[in-house]
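Worksheet: one structure, shown below.
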Amino acid sequence: MAPVATERDLRLDLFRGIALWLIFLDHIPSNAVSWVTIRNYGFSDATEIFVFISGFTAAFVYGRAMREQGFVVASARVLKRAWQIYIAHVFLFAIYLAEIAYVAQSFDNPLYSEEMGVRDFLANPDVTIIQALLLKFKPVNMDVLPLYIVLLLWFPPVLWLLLRAPMSALAMSAGVYALTLWFGWNLPAWPEGVWAFNPFAWQLLFVFGGWCALGGAQRIKPLVDSPVVRWLAVAYLVIAFGIVMTWYFPYLGSFVPNFVGEAIYPISKPNLDVLRILHFLSLAVVTLWFVPRGWPALKKPVFRPAIVCGQHSLETFCLGVFLSFAGHFVFIEVSNSLAMHVVVSVAGIAIMVAAAFLAAWYKGLERRGPPRPPAPAGASAAAGGGA
Amino acid sequence: MKAGLTFLSTWLVAALLVTGPALADAPAECLIDENRPSYVVALPHVAKAIAAKKLDILVMGSGSSGLPASAGARKAYPARLQAALAEALPDVAVKVTPDVKSRRTAAAMLHALPAALAATKPALLIWQTGTVDAMQAVSSSRFGDVLEAGITLAAEAGADTVLVNSQYSPRTESMIALGTYSETMRWVALLHEIPLFNRFAIMRQWADLGTFELAGAANKLDTAVRVHDCIGRLLADLVLEGAKAGGPE
């Protein structure tokens, strides 16, 4: 019964919940409401937040298990989680197949004969489905879960090292990242190409999250809180914002010197470009500045929906992918007005929140164990022992 | 709020369209915005060719640069571009040669490019790509390398390049991940200071304004023909503006 060093930091759940909402909004194609999401204002997007916090919480939860129950039990739990995510991914793939099957049946526009090539995936279901089960074929918006699965499969030895020699673990992770950029490592995809989220690159953010969870955050706190770093972060965010604006308004491009463009483009998402990492870190520094640990407002009901979504991230994420398909379907079949974009976006988040509360309720039921015969009030408190 | 958003997206599309003020005779339905900011990328080789009274253009593209055979090649946008340019430049011999085949990735087109450049000796390469690469999940960094190699080849052959990105296809949007490919095209265009004809944003705007019904499931050949006509005309605007900016004065 080792004492728990720290209680769960609600900020993690809050920001993971918000990241899940942003991912949902970004996943609905041409969604007008996705103008509010951070990817339009800087280099990084909600994926960085999600991966970092997932690494943090994985190390926090399974690190404690590894200390208390040993390597084998903790590893078994990590692998079980990876299996759950795999099942969730296959479920989402089934929905995707249903969607292209529907479109293939109902759509015949001469303008889009090329785009209708997506139907070819249905022509060879043997290959398509097997490639999907092997995580090589990953349709639109279905890249995050396979990344998560690979990161978890590799996590037990990383966690082992993080607990014993955190700096070595972090250095190793950074080394793999550097070698990946140098040698162009990645996993193969199907029909061609490589993974859209390169696990060898993105593991850096996941492991860095884990490193922070296991004492690293305390170690770098003075740095994160120093005024110099804070203002550097602000300056970086402002510069990134300026550069991103030149993408939308090309006539601003003349204000970005050519050598800057040559140095920074392409800002690779598959390989988690250094500029994206810096942007995420800057966002984190500024966020921590304004939302300190134990911030009293975190307990306010207004943040509760995001926090609950963050606490049930797998369910919320999967539902978000499904809802983004459904929302897009509504845009096409019902209405594509701005009002409908707002309604679909808000309703989707409301459904995600409701589902997260439902998941929390189920989890509570399971924790309480088998049902007890109803007891008169007063006796129940004495009889309850679980949790 | 809607007005604000429409304003924003209009401005955005207009900015991305990289064309100057509307030229004479485009039908009203093609126009995106009448107050487009004059952001023009110069096309010096085109300017020279117009001065020499002979303008050859090569269109390298995949399926979305053509129409089904029943519509005939003369209604697809390369032919409409030629018609619009010939009208605007009556004393110039304009010839647009389409090299269009379905399901070609950028790499496949790069492979065909040297022979096509040698055969047509164009002053301008119009390169439409992105969709097939997205469907084939080609590595986006490789896609970028291929684009740069093609632009270099064209420049060495004495041609300017205009990139044309994917179509806005509402029904397949959730099935084809265009994102990284569009971004790569935007960056390559910015870096090489060449125009990107943002077909996606233009068609998106048409869909938003109700100019064309693009989400419809029905087989409507006349809509497709009108869309291609407008794309040809807007491309002609871009070429003429670029030539003006790339001219001697």
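FYI, nothing fancy with the structure tokens labels: chains A, B, ... in order, residues from 1 per chain, ligands from 1 as they appear.
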Compute the set of chain B residues within 8 Å of chain A, using only C-alpha atoms, and express it as a PyMOL selection string. chain B and resi 2+12+15-16+39+62-64+67-68+102-103+131-132+135-139+141+169-177+184+186-187+190-191+208+215-221+224
Give me the residues near stretch 146-155 of chain B as a ChimeraX atom specification, where near means some atom within 7 Å (using only C-alpha atoms) and where sequence neighbours in that chain fewer than 6 positions away do not count. /B:106-107,110,125,161,188
Store the residues picked out above in a file with N, CA and C atoms, as a PDB file, in the first residue's frame.
```pdb
ATOM      1  N   ALA B 106       1.094  12.106 -58.799  1.00  0.00           N
ATOM      2  CA  ALA B 106       2.050  13.130 -59.221  1.00  0.00           C
ATOM      3  C   ALA B 106       3.315  12.467 -59.749  1.00  0.00           C
ATOM      4  N   ALA B 107       3.725  11.372 -59.107  1.00  0.00           N
ATOM      5  CA  ALA B 107       4.956  10.701 -59.532  1.00  0.00           C
ATOM      6  C   ALA B 107       4.794  10.135 -60.943  1.00  0.00           C
ATOM      7  N   LEU B 110       5.085  12.988 -63.261  1.00  0.00           N
ATOM      8  CA  LEU B 110       6.474  13.441 -63.370  1.00  0.00           C
ATOM      9  C   LEU B 110       7.226  12.555 -64.367  1.00  0.00           C
ATOM     10  N   LEU B 125       3.206  25.215 -67.920  1.00  0.00           N
ATOM     11  CA  LEU B 125       2.722  23.901 -67.490  1.00  0.00           C
ATOM     12  C   LEU B 125       1.638  24.123 -66.453  1.00  0.00           C
ATOM     13  N   THR B 161       5.091  27.367 -64.280  1.00  0.00           N
ATOM     14  CA  THR B 161       4.186  26.321 -63.795  1.00  0.00           C
ATOM     15  C   THR B 161       3.072  26.952 -62.970  1.00  0.00           C
ATOM     16  N   VAL B 188       4.726  24.356 -51.588  1.00  0.00           N
ATOM     17  CA  VAL B 188       5.599  24.303 -52.761  1.00  0.00           C
ATOM     18  C   VAL B 188       5.363  25.540 -53.618  1.00  0.00           C
TER      19      VAL B 188
END
```
Can you list every residue in stretch 106-201 of chain A that DSSP puts in helix (DSSP H, G or I), as a PyMOL selection string? chain A and resi 106+110-112+115-123+125-133+144-153+155-164+166-183+199-201
Nearest residue to B:Lys101 from the set B:Pro44, B:Gly232, B:Pro122, B:Gly66 (distances using only C-alpha atoms): B:Gly66
If I take atom CA of A:Phe93 and atom CA of A:Trp202, how far is one from the other in Å, to one decimal? 22.5 Å
Which residue of A:Leu187, A:Leu145, A:Ala213, A:Leu205 approaches A:Ser173 most closely, using only C-alpha atoms: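 Once distances to A:Ser173 are computed over only C-alpha atoms, the minimum belongs to A:Leu205.
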Could you tell me how far atom CA of A:Ser34 sits from atom CA of A:Pro305, in Å to one decimal place?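 Computing it gives 19.5 Å between the two atoms.
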Neighbouring residues of stretch 354-358 of chain A were defined as those with any atom within 6 Å, considering only C-alpha atoms; residues of the same chain fewer than 4 positions away were excluded. Please report them as a PyMOL selection string. chain A and resi 308-309+312
What does the file look like for those residues with C-alpha atoms, as an mmCIF file, in the first residue's frame?
```cif
data_model
loop_
_atom_site.group_PDB
_atom_site.id
_atom_site.type_symbol
_atom_site.label_atom_id
_atom_site.label_comp_id
_atom_site.auth_asym_id
_atom_site.auth_seq_id
_atom_site.Cartn_x
_atom_site.Cartn_y
_atom_site.Cartn_z
ATOM 1 C CA VAL A 308 -15.277 14.015 -17.823
ATOM 2 C CA CYS A 309 -14.621 13.678 -21.571
ATOM 3 C CA HIS A 312 -12.950 8.757 -20.737
#
```
What's the separation between atom CA of A:Val321 and atom CA of A:Phe24, in Å to one decimal place?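 Distance between the two atoms: 6.5 Å.
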Just the residues within 9 Å of B:Glu213, please, counting only C-alpha atoms, with nothing from its chain fewer than 5 positions along; format it as number ranges by chain. B: 206-207, 223
Please identify which residues in stretch 23-130 of chain B DSSP calls strand (DSSP E) from the backbone, and express them as a PyMOL selection string. chain B and resi 54-61+93-100+124-128
From the options B:Val96, B:Val239, B:Leu85, B:Ala245, which residue's atoms come nearest to B:Asp56, counting only C-alpha atoms?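 Checking each of B:Val96, B:Val239, B:Leu85, B:Ala245 against B:Asp56, counting only C-alpha atoms, the winner is B:Val96.
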